[in-house]
file target-v3.pdb (PDB, C-alpha atoms, pLDDT in the B column)
MODEL        1
ATOM      1  CA  ILE A   1      27.637   4.159  -2.276  1.00 70.00           C
ATOM      2  CA  THR A   2      26.704   3.144   1.252  1.00 74.00           C
ATOM      3  CA  ASP A   3      27.578  -0.413   2.313  1.00 73.00           C
ATOM      4  CA  LEU A   4      29.542  -1.084  -0.876  1.00 78.00           C
ATOM      5  CA  THR A   5      32.206  -3.760  -0.353  1.00 81.00           C
ATOM      6  CA  VAL A   6      35.203  -4.337  -2.621  1.00 85.00           C
ATOM      7  CA  VAL A   7      37.016  -7.666  -2.232  1.00 88.00           C
ATOM      8  CA  ARG A   8      39.975  -8.975  -4.219  1.00 90.00           C
ATOM      9  CA  VAL A   9      39.469 -12.556  -5.436  1.00 90.00           C
ATOM     10  CA  ASN A  10      42.003 -14.942  -6.935  1.00 89.00           C
ATOM     11  CA  SER A  11      40.002 -18.044  -7.761  1.00 91.00           C
ATOM     12  CA  PRO A  12      36.541 -19.231  -8.784  1.00 91.00           C
ATOM     13  CA  PHE A  13      36.130 -20.574  -5.229  1.00 95.00           C
ATOM     14  CA  ASP A  14      36.630 -17.028  -3.859  1.00 93.00           C
ATOM     15  CA  VAL A  15      33.891 -15.765  -6.181  1.00 91.00           C
ATOM     16  CA  TYR A  16      31.537 -18.562  -5.107  1.00 91.00           C
ATOM     17  CA  GLU A  17      32.144 -17.791  -1.415  1.00 92.00           C
ATOM     18  CA  LEU A  18      31.381 -14.094  -1.988  1.00 89.00           C
ATOM     19  CA  LEU A  19      28.140 -14.948  -3.774  1.00 87.00           C
ATOM     20  CA  ARG A  20      27.188 -17.312  -0.937  1.00 90.00           C
ATOM     21  CA  THR A  21      27.870 -14.593   1.646  1.00 88.00           C
ATOM     22  CA  ALA A  22      25.886 -12.047  -0.358  1.00 80.00           C
ATOM     23  CA  THR A  23      22.937 -14.429  -0.574  1.00 80.00           C
ATOM     24  CA  SER A  24      22.942 -15.024   3.165  1.00 81.00           C
ATOM     25  CA  ASN A  25      23.053 -11.249   3.810  1.00 76.00           C
ATOM     26  CA  ARG A  26      20.108 -10.529   1.519  1.00 73.00           C
ATOM     27  CA  ALA A  27      17.015  -9.217   3.264  1.00 69.00           C
ATOM     28  CA  MET A  28      13.940 -11.449   2.854  1.00 66.00           C
ATOM     29  CA  ALA A  29      10.473 -11.130   4.369  1.00 62.00           C
ATOM     30  CA  ALA A  30       6.942 -12.410   3.888  1.00 61.00           C
ATOM     31  CA  THR A  31       4.273 -10.229   2.271  1.00 61.00           C
ATOM     32  CA  LEU A  32       0.758 -11.037   1.143  1.00 56.00           C
ATOM     33  CA  CYS A  33       2.146 -11.274  -2.425  1.00 61.00           C
ATOM     34  CA  ASN A  34       5.104 -13.523  -1.691  1.00 62.00           C
ATOM     35  CA  GLU A  35       6.067 -15.650   1.302  1.00 63.00           C
ATOM     36  CA  ARG A  36       9.802 -15.203   0.529  1.00 59.00           C
ATOM     37  CA  SER A  37      10.051 -11.687  -0.873  1.00 59.00           C
ATOM     38  CA  SER A  38      13.435 -10.087  -1.602  1.00 64.00           C
ATOM     39  CA  ARG A  39      13.492  -6.775   0.205  1.00 62.00           C
ATOM     40  CA  SER A  40      16.475  -5.389  -1.687  1.00 71.00           C
ATOM     41  CA  HIS A  41      18.280  -5.601  -4.987  1.00 76.00           C
ATOM     42  CA  SER A  42      21.514  -7.555  -5.139  1.00 77.00           C
ATOM     43  CA  VAL A  43      24.347  -6.235  -7.313  1.00 81.00           C
ATOM     44  CA  PHE A  44      27.510  -8.301  -7.755  1.00 84.00           C
ATOM     45  CA  GLN A  45      30.232  -6.822  -9.958  1.00 85.00           C
ATOM     46  CA  LEU A  46      33.212  -8.894 -11.037  1.00 86.00           C
ATOM     47  CA  LYS A  47      36.075  -6.913 -12.560  1.00 88.00           C
ATOM     48  CA  ILE A  48      38.299  -9.143 -14.651  1.00 88.00           C
ATOM     49  CA  LYS A  49      41.781  -8.200 -15.849  1.00 89.00           C
ATOM     50  CA  GLY A  50      44.005 -10.301 -18.068  1.00 89.00           C
ATOM     51  CA  LYS A  51      47.366 -10.048 -19.773  1.00 92.00           C
ATOM     52  CA  ASN A  52      48.743 -11.976 -22.734  1.00 93.00           C
ATOM     53  CA  SER A  53      52.202 -13.044 -21.571  1.00 93.00           C
ATOM     54  CA  ILE A  54      53.487 -13.236 -25.157  1.00 95.00           C
ATOM     55  CA  THR A  55      52.162  -9.983 -26.660  1.00 94.00           C
ATOM     56  CA  GLU A  56      51.857  -8.063 -23.366  1.00 93.00           C
ATOM     57  CA  GLU A  57      48.377  -7.006 -24.504  1.00 93.00           C
ATOM     58  CA  THR A  58      45.994  -6.439 -21.623  1.00 92.00           C
ATOM     59  CA  ALA A  59      42.233  -6.654 -21.451  1.00 89.00           C
ATOM     60  CA  GLN A  60      39.686  -5.933 -18.783  1.00 88.00           C
ATOM     61  CA  GLY A  61      35.981  -6.342 -18.354  1.00 86.00           C
ATOM     62  CA  LEU A  62      33.185  -5.965 -15.873  1.00 85.00           C
ATOM     63  CA  LEU A  63      30.516  -8.592 -15.291  1.00 86.00           C
ATOM     64  CA  ASN A  64      27.398  -7.462 -13.429  1.00 85.00           C
ATOM     65  CA  LEU A  65      25.128 -10.045 -11.862  1.00 85.00           C
ATOM     66  CA  ILE A  66      22.006  -8.262 -10.679  1.00 83.00           C
ATOM     67  CA  ASP A  67      19.004  -9.770  -8.960  1.00 81.00           C
ATOM     68  CA  LEU A  68      16.287  -7.149  -8.834  1.00 81.00           C
ATOM     69  CA  ALA A  69      13.696  -7.301  -6.116  1.00 75.00           C
ATOM     70  CA  GLY A  70      10.300  -7.519  -7.746  1.00 69.00           C
ATOM     71  CA  SER A  71       7.853  -4.662  -7.674  1.00 65.00           C
ATOM     72  CA  GLU A  72       4.796  -5.111  -5.492  1.00 65.00           C
ATOM     73  CA  ARG A  73       1.592  -3.148  -5.432  1.00 66.00           C
ATOM     74  CA  LEU A  74       1.306  -1.597  -1.989  1.00 60.00           C
ATOM     75  CA  GLN A  75      -2.356  -2.502  -1.465  1.00 66.00           C
ATOM     76  CA  GLN A  76      -1.862  -6.127  -2.489  1.00 68.00           C
ATOM     77  CA  SER A  77       1.320  -6.666  -0.470  1.00 62.00           C
ATOM     78  CA  GLY A  78      -0.295  -5.644   2.817  1.00 67.00           C
ATOM     79  CA  VAL A  79       2.995  -4.306   4.159  1.00 65.00           C
ATOM     80  CA  THR A  80       3.362  -1.685   6.877  1.00 71.00           C
ATOM     81  CA  GLY A  81       6.205   0.031   8.729  1.00 76.00           C
ATOM     82  CA  ASP A  82       9.704  -0.915   7.558  1.00 76.00           C
ATOM     83  CA  ARG A  83       8.347  -3.305   4.902  1.00 70.00           C
ATOM     84  CA  LEU A  84       6.278  -0.448   3.468  1.00 74.00           C
ATOM     85  CA  LYS A  85       9.400   1.744   3.179  1.00 81.00           C
ATOM     86  CA  GLU A  86      11.302  -1.151   1.555  1.00 77.00           C
ATOM     87  CA  THR A  87       8.515  -1.677  -0.970  1.00 76.00           C
ATOM     88  CA  GLN A  88       8.420   2.031  -1.797  1.00 81.00           C
ATOM     89  CA  ASN A  89      12.222   2.121  -2.247  1.00 82.00           C
ATOM     90  CA  ILE A  90      12.186  -0.998  -4.429  1.00 81.00           C
ATOM     91  CA  ASN A  91       9.416   0.400  -6.614  1.00 82.00           C
ATOM     92  CA  LYS A  92      11.170   3.798  -6.841  1.00 88.00           C
ATOM     93  CA  SER A  93      14.459   2.258  -8.017  1.00 87.00           C
ATOM     94  CA  LEU A  94      12.674   0.010 -10.529  1.00 86.00           C
ATOM     95  CA  SER A  95      10.848   3.078 -11.828  1.00 87.00           C
ATOM     96  CA  ALA A  96      14.186   4.900 -12.160  1.00 92.00           C
ATOM     97  CA  LEU A  97      15.566   1.918 -14.099  1.00 89.00           C
ATOM     98  CA  GLY A  98      12.526   2.087 -16.380  1.00 87.00           C
ATOM     99  CA  ASP A  99      13.161   5.818 -16.912  1.00 90.00           C
ATOM    100  CA  VAL A 100      16.780   5.108 -17.905  1.00 91.00           C
ATOM    101  CA  ILE A 101      15.706   2.352 -20.304  1.00 87.00           C
ATOM    102  CA  ALA A 102      13.093   4.669 -21.851  1.00 86.00           C
ATOM    103  CA  ALA A 103      15.619   7.514 -22.218  1.00 90.00           C
ATOM    104  CA  LEU A 104      18.100   5.146 -23.897  1.00 86.00           C
ATOM    105  CA  ALA A 105      15.422   3.733 -26.198  1.00 82.00           C
ATOM    106  CA  ASN A 106      14.345   7.250 -27.192  1.00 86.00           C
ATOM    107  CA  LYS A 107      18.006   8.295 -27.651  1.00 86.00           C
ATOM    108  CA  GLU A 108      17.475  11.276 -25.340  1.00 90.00           C
ATOM    109  CA  GLN A 109      20.295  13.732 -24.657  1.00 92.00           C
ATOM    110  CA  HIS A 110      20.069  13.290 -20.883  1.00 94.00           C
ATOM    111  CA  ILE A 111      19.965   9.810 -19.353  1.00 92.00           C
ATOM    112  CA  PRO A 112      18.892   9.986 -15.661  1.00 95.00           C
ATOM    113  CA  TYR A 113      21.477   7.565 -14.245  1.00 93.00           C
ATOM    114  CA  ARG A 114      21.813   9.537 -10.994  1.00 93.00           C
ATOM    115  CA  ASN A 115      18.155   9.114 -10.016  1.00 93.00           C
ATOM    116  CA  SER A 116      18.921   5.925  -8.070  1.00 91.00           C
ATOM    117  CA  LYS A 117      21.895   4.021  -6.692  1.00 89.00           C
ATOM    118  CA  LEU A 118      20.947   1.098  -8.928  1.00 88.00           C
ATOM    119  CA  THR A 119      21.053   3.046 -12.195  1.00 90.00           C
ATOM    120  CA  TYR A 120      24.177   4.903 -11.066  1.00 90.00           C
ATOM    121  CA  LEU A 121      25.974   1.579 -10.505  1.00 87.00           C
ATOM    122  CA  LEU A 122      24.794   0.200 -13.840  1.00 86.00           C
ATOM    123  CA  GLN A 123      25.374   3.227 -16.067  1.00 87.00           C
ATOM    124  CA  ASN A 124      28.428   1.780 -17.839  1.00 81.00           C
ATOM    125  CA  SER A 125      26.598  -1.482 -18.468  1.00 81.00           C
ATOM    126  CA  LEU A 126      23.413   0.124 -19.722  1.00 82.00           C
ATOM    127  CA  GLY A 127      24.688   2.918 -21.910  1.00 73.00           C
ATOM    128  CA  GLY A 128      28.334   2.257 -22.491  1.00 67.00           C
ATOM    129  CA  ASN A 129      30.487  -0.122 -24.446  1.00 74.00           C
ATOM    130  CA  SER A 130      28.699  -3.213 -23.184  1.00 77.00           C
ATOM    131  CA  LYS A 131      26.429  -6.171 -23.776  1.00 77.00           C
ATOM    132  CA  THR A 132      23.391  -6.672 -21.580  1.00 78.00           C
ATOM    133  CA  LEU A 133      21.302  -9.772 -21.031  1.00 80.00           C
ATOM    134  CA  MET A 134      18.163  -9.805 -18.908  1.00 81.00           C
ATOM    135  CA  PHE A 135      16.188 -12.742 -17.536  1.00 85.00           C
ATOM    136  CA  VAL A 136      12.673 -12.202 -16.210  1.00 85.00           C
ATOM    137  CA  ASN A 137      11.073 -14.647 -13.795  1.00 83.00           C
ATOM    138  CA  ILE A 138       7.306 -14.702 -13.803  1.00 85.00           C
ATOM    139  CA  SER A 139       4.680 -16.709 -11.984  1.00 83.00           C
ATOM    140  CA  PRO A 140       2.505 -19.215 -13.834  1.00 90.00           C
ATOM    141  CA  LEU A 141      -0.327 -18.693 -11.342  1.00 87.00           C
ATOM    142  CA  GLN A 142      -3.530 -16.949 -12.440  1.00 91.00           C
ATOM    143  CA  LYS A 143      -3.574 -14.837  -9.265  1.00 82.00           C
ATOM    144  CA  ASP A 144      -0.203 -13.323 -10.312  1.00 81.00           C
ATOM    145  CA  LEU A 145      -1.253 -12.490 -13.880  1.00 87.00           C
ATOM    146  CA  GLN A 146      -1.116  -8.688 -13.480  1.00 84.00           C
ATOM    147  CA  GLU A 147       2.372  -8.754 -11.934  1.00 81.00           C
ATOM    148  CA  SER A 148       3.587 -11.194 -14.606  1.00 85.00           C
ATOM    149  CA  LEU A 149       2.200  -8.971 -17.380  1.00 89.00           C
ATOM    150  CA  SER A 150       3.867  -5.945 -15.802  1.00 85.00           C
ATOM    151  CA  SER A 151       7.204  -7.797 -15.719  1.00 84.00           C
ATOM    152  CA  LEU A 152       6.827  -8.896 -19.333  1.00 89.00           C
ATOM    153  CA  ARG A 153       5.989  -5.333 -20.434  1.00 88.00           C
ATOM    154  CA  PHE A 154       9.131  -4.094 -18.692  1.00 83.00           C
ATOM    155  CA  ALA A 155      11.189  -6.824 -20.389  1.00 85.00           C
ATOM    156  CA  ALA A 156       9.719  -5.842 -23.771  1.00 86.00           C
ATOM    157  CA  LYS A 157      10.703  -2.223 -23.134  1.00 82.00           C
ATOM    158  CA  VAL A 158      14.247  -3.319 -22.264  1.00 80.00           C
ATOM    159  CA  ASN A 159      14.403  -5.561 -25.332  1.00 82.00           C
ATOM    160  CA  ALA A 160      13.384  -2.658 -27.597  1.00 78.00           C
ATOM    161  CA  CYS A 161      16.285  -0.563 -26.339  1.00 76.00           C
ATOM    162  CA  ASP A 162      19.303  -0.446 -28.667  1.00 72.00           C
ATOM    163  CA  ILE A 163      22.450   0.554 -26.796  1.00 68.00           C
ATOM    164  CA  GLY A 164      24.678  -0.048 -29.796  1.00 65.00           C
ATOM    165  CA  THR A 165      27.333  -2.657 -30.449  1.00 67.00           C
ATOM    166  CA  ALA A 166      30.091  -3.302 -27.963  1.00 63.00           C
ATOM    167  CA  LYS A 167      33.521  -2.692 -29.447  1.00 65.00           C
ATOM    168  CA  LYS A 168      36.915  -3.930 -28.392  1.00 64.00           C
ATOM    169  CA  LYS A 169      38.932  -1.197 -26.737  1.00 63.00           C
ATOM    170  CA  ASN A 170      42.679  -1.405 -26.537  1.00 58.00           C
ATOM    171  CA  ALA A 171      43.496  -1.324 -22.816  1.00 52.00           C
ATOM    172  CA  ASN A 172      47.132  -0.393 -23.522  1.00 51.00           C
ATOM    173  CA  PRO A 173      47.802   3.365 -23.698  1.00 50.00           C
TER     174      PRO A 173
ENDMDL
END

call {"tool": "encode", "arguments": {"input": "target-v3.pdb", "output": "structure tokens"}}
result
Amino acid sequence: ITDLTVVRVNSPFDVYELLRTATSNRAMAATLCNERSSRSHSVFQLKIKGKNSITEETAQGLLNLIDLAGSERLQQSGVTGDRLKETQNINKSLSALGDVIAALANKEQHIPYRNSKLTYLLQNSLGGNSKTLMFVNISPLQKDLQESLSSLRFAAKVNACDIGTAKKKNANP
């Protein structure tokens, strides 16, 4: 994946510094919908490995922290040029995520993980041996009602999706 960075960390401080750097690198711009609009998704993956020094048993896990850029209706956002392309790409990847969620909920044979970089990165967390938690931020303002309802509908679709129960896997061969 383009612009993917892998960094080894050894302490909580290292993790905090990476998150701070990622936040400062995140593209933001004003639109008619939002004066501080995220113009990209942010995906932070923390791979954790551990070993019991007494039993020699090992365990590993992956924690994804994802901040999705919100969808915006093109007419309402008033964007042009590069911002228009960003909005179209954001909406396309959110649509692809919705397609994956729908395919998982319907227990379809083919899950379209490869339709976007976002769903490709998240495939093990969405349809594998995992637990997923989603927070949805909505606006309390009347003028944002349609966008808030759209976000809540998406969250309801995600909530209805049963990806099964995560099971402990023995990391030792």

call {"tool": "residues_around", "arguments": {"input": "target-v3.pdb", "residues": "range 62-64 of chain A", "least_positions_apart": "5", "cutoff": "7 Å", "atoms": "all atoms listed in the file", "output": "list in words"}}
result
Val43, Phe44, Gln45, Leu46, Lys47 and Ile48 of chain A

call {"tool": "residues_around", "arguments": {"input": "target-v3.pdb", "residues": "Phe154 in chain A", "least_positions_apart": "5", "cutoff": "9 Å", "atoms": "all atoms listed in the file", "output": "JSON, numbers by chain"}}
result
{"A": [98, 149, 159]}

call {"tool": "residues_around", "arguments": {"input": "target-v3.pdb", "residues": "range 110-120 of chain A", "least_positions_apart": "4", "cutoff": "10 Å", "atoms": "all atoms listed in the file", "output": "list of chain:residue names"}}
result
A:Ile1, A:Thr2, A:His41, A:Ser42, A:Val43, A:Ile66, A:Leu68, A:Asn89, A:Lys92, A:Ser93, A:Leu94, A:Ser95, A:Ala96, A:Leu97, A:Gly98, A:Asp99, A:Val100, A:Ile101, A:Ala102, A:Ala103, A:Leu104, A:Asn106, A:Asn124, A:Ser125, A:Leu126, A:Gly127

call {"tool": "write_last_selection", "arguments": {"input": "target-v3.pdb", "atoms": "C-alpha atoms", "output": "PDB file, in the coordinates of the input"}}
result
ATOM      1  CA  ILE A   1      27.637   4.159  -2.276  1.00 70.00           C
ATOM      2  CA  THR A   2      26.704   3.144   1.252  1.00 74.00           C
ATOM      3  CA  HIS A  41      18.280  -5.601  -4.987  1.00 76.00           C
ATOM      4  CA  SER A  42      21.514  -7.555  -5.139  1.00 77.00           C
ATOM      5  CA  VAL A  43      24.347  -6.235  -7.313  1.00 81.00           C
ATOM      6  CA  ILE A  66      22.006  -8.262 -10.679  1.00 83.00           C
ATOM      7  CA  LEU A  68      16.287  -7.149  -8.834  1.00 81.00           C
ATOM      8  CA  ASN A  89      12.222   2.121  -2.247  1.00 82.00           C
ATOM      9  CA  LYS A  92      11.170   3.798  -6.841  1.00 88.00           C
ATOM     10  CA  SER A  93      14.459   2.258  -8.017  1.00 87.00           C
ATOM     11  CA  LEU A  94      12.674   0.010 -10.529  1.00 86.00           C
ATOM     12  CA  SER A  95      10.848   3.078 -11.828  1.00 87.00           C
ATOM     13  CA  ALA A  96      14.186   4.900 -12.160  1.00 92.00           C
ATOM     14  CA  LEU A  97      15.566   1.918 -14.099  1.00 89.00           C
ATOM     15  CA  GLY A  98      12.526   2.087 -16.380  1.00 87.00           C
ATOM     16  CA  ASP A  99      13.161   5.818 -16.912  1.00 90.00           C
ATOM     17  CA  VAL A 100      16.780   5.108 -17.905  1.00 91.00           C
ATOM     18  CA  ILE A 101      15.706   2.352 -20.304  1.00 87.00           C
ATOM     19  CA  ALA A 102      13.093   4.669 -21.851  1.00 86.00           C
ATOM     20  CA  ALA A 103      15.619   7.514 -22.218  1.00 90.00           C
ATOM     21  CA  LEU A 104      18.100   5.146 -23.897  1.00 86.00           C
ATOM     22  CA  ASN A 106      14.345   7.250 -27.192  1.00 86.00           C
ATOM     23  CA  ASN A 124      28.428   1.780 -17.839  1.00 81.00           C
ATOM     24  CA  SER A 125      26.598  -1.482 -18.468  1.00 81.00           C
ATOM     25  CA  LEU A 126      23.413   0.124 -19.722  1.00 82.00           C
ATOM     26  CA  GLY A 127      24.688   2.918 -21.910  1.00 73.00           C
TER      27      GLY A 127
END

call {"tool": "atom_distance", "arguments": {"input": "target-v3.pdb", "atom1": "CA of Leu133 in chain A", "atom2": "CA of Lys157 in chain A"}}
result
13.2 Å

call {"tool": "axis_aligned_box", "arguments": {"input": "target-v3.pdb", "around": "range 2-15 of chain A", "padding_each_side": "5 Å", "output": "lines of an AutoDock Vina configuration file"}}
result
center_x = 34.4
center_y = -8.7
center_z = -3.2
size_x = 25.3
size_y = 33.7
size_z = 21.1

call {"tool": "atom_distance", "arguments": {"input": "target-v3.pdb", "atom1": "CA of Phe135 in chain A", "atom2": "CA of Cys161 in chain A"}}
result
15.0 Å

call {"tool": "closest_residue", "arguments": {"input": "target-v3.pdb", "among": "A:Ala59, A:Leu65, A:Val136, A:Val6", "to": "Arg153 in chain A", "atoms": "only C-alpha atoms"}}
result
A:Val136

call {"tool": "resolve_selection", "arguments": {"input": "target-v3.pdb", "expression": "the PyMOL selection byres ((chain A and resi 151) around 9)", "output": "list in words"}}
result
Gly70, Ser71, Val136, Asn137, Ile138, Gln146, Glu147, Ser148, Leu149, Ser150, Leu152, Arg153, Phe154, Ala155 and Ala156 of chain A

call {"tool": "atom_distance", "arguments": {"input": "target-v3.pdb", "atom1": "CA of Ser40 in chain A", "atom2": "CA of Leu18 in chain A"}}
result
17.3 Å

call {"tool": "residues_around", "arguments": {"input": "target-v3.pdb", "residues": "Gly50 in chain A", "least_positions_apart": "6", "cutoff": "10 Å", "atoms": "only C-alpha atoms", "output": "PyMOL selection string"}}
result
chain A and resi 56-61

call {"tool": "closest_residue", "arguments": {"input": "target-v3.pdb", "among": "A:Ala69, A:Ala105, A:Ile54, A:Val7", "to": "Arg26 in chain A", "atoms": "all atoms listed in the file"}}
result
A:Ala69

call {"tool": "decode", "arguments": {"input": "target-v3.pdb", "residues": "range 42-66 of chain A", "atoms": "N, CA and C atoms", "output": "compact mmCIF listing (two decimals), in the first residue's frame"}}
result
# COMPACT_ATOMS: atom_id res chain seq x y z
N SER A 42 -7.58 7.70 8.60
CA SER A 42 -6.35 7.45 9.33
C SER A 42 -6.43 6.03 9.89
N VAL A 43 -5.43 5.22 9.55
CA VAL A 43 -5.39 3.83 10.03
C VAL A 43 -4.09 3.64 10.80
N PHE A 44 -4.21 3.28 12.06
CA PHE A 44 -3.05 3.02 12.92
C PHE A 44 -3.17 1.58 13.38
N GLN A 45 -2.18 0.76 13.05
CA GLN A 45 -2.20 -0.65 13.46
C GLN A 45 -1.06 -0.89 14.43
N LEU A 46 -1.39 -1.46 15.57
CA LEU A 46 -0.39 -1.79 16.58
C LEU A 46 -0.34 -3.31 16.71
N LYS A 47 0.77 -3.90 16.29
CA LYS A 47 0.97 -5.34 16.44
C LYS A 47 1.66 -5.57 17.77
N ILE A 48 1.06 -6.43 18.57
CA ILE A 48 1.57 -6.69 19.91
C ILE A 48 1.96 -8.17 20.00
N LYS A 49 3.17 -8.41 20.48
CA LYS A 49 3.65 -9.78 20.69
C LYS A 49 4.09 -9.91 22.13
N GLY A 50 3.77 -11.06 22.73
CA GLY A 50 4.17 -11.30 24.11
C GLY A 50 4.60 -12.74 24.32
N LYS A 51 5.40 -12.95 25.35
CA LYS A 51 5.86 -14.30 25.66
C LYS A 51 5.86 -14.49 27.17
N ASN A 52 5.26 -15.60 27.61
CA ASN A 52 5.26 -15.97 29.01
C ASN A 52 6.63 -16.58 29.31
N SER A 53 7.40 -15.93 30.17
CA SER A 53 8.76 -16.38 30.44
C SER A 53 8.81 -17.71 31.20
N ILE A 54 7.71 -18.09 31.83
CA ILE A 54 7.68 -19.35 32.57
C ILE A 54 7.27 -20.51 31.66
N THR A 55 6.17 -20.33 30.92
CA THR A 55 5.65 -21.43 30.08
C THR A 55 6.16 -21.38 28.65
N GLU A 56 6.82 -20.28 28.29
CA GLU A 56 7.30 -20.07 26.92
C GLU A 56 6.17 -19.92 25.90
N GLU A 57 4.93 -19.83 26.38
CA GLU A 57 3.80 -19.63 25.48
C GLU A 57 3.86 -18.21 24.93
N THR A 58 3.58 -18.09 23.64
CA THR A 58 3.58 -16.77 23.01
C THR A 58 2.16 -16.41 22.57
N ALA A 59 1.94 -15.12 22.48
CA ALA A 59 0.65 -14.62 21.99
C ALA A 59 0.93 -13.36 21.18
N GLN A 60 0.04 -13.12 20.23
CA GLN A 60 0.17 -11.90 19.44
C GLN A 60 -1.21 -11.39 19.09
N GLY A 61 -1.28 -10.11 18.83
CA GLY A 61 -2.55 -9.50 18.48
C GLY A 61 -2.33 -8.26 17.64
N LEU A 62 -3.39 -7.79 17.06
CA LEU A 62 -3.35 -6.60 16.23
C LEU A 62 -4.47 -5.67 16.67
N LEU A 63 -4.11 -4.45 17.02
CA LEU A 63 -5.09 -3.44 17.39
C LEU A 63 -5.14 -2.40 16.28
N ASN A 64 -6.32 -2.21 15.71
CA ASN A 64 -6.52 -1.20 14.68
C ASN A 64 -7.24 -0.01 15.31
N LEU A 65 -6.68 1.17 15.12
CA LEU A 65 -7.36 2.40 15.49
C LEU A 65 -7.61 3.13 14.19
N ILE A 66 -8.87 3.26 13.82
CA ILE A 66 -9.22 3.84 12.52
C ILE A 66 -10.12 5.05 12.75
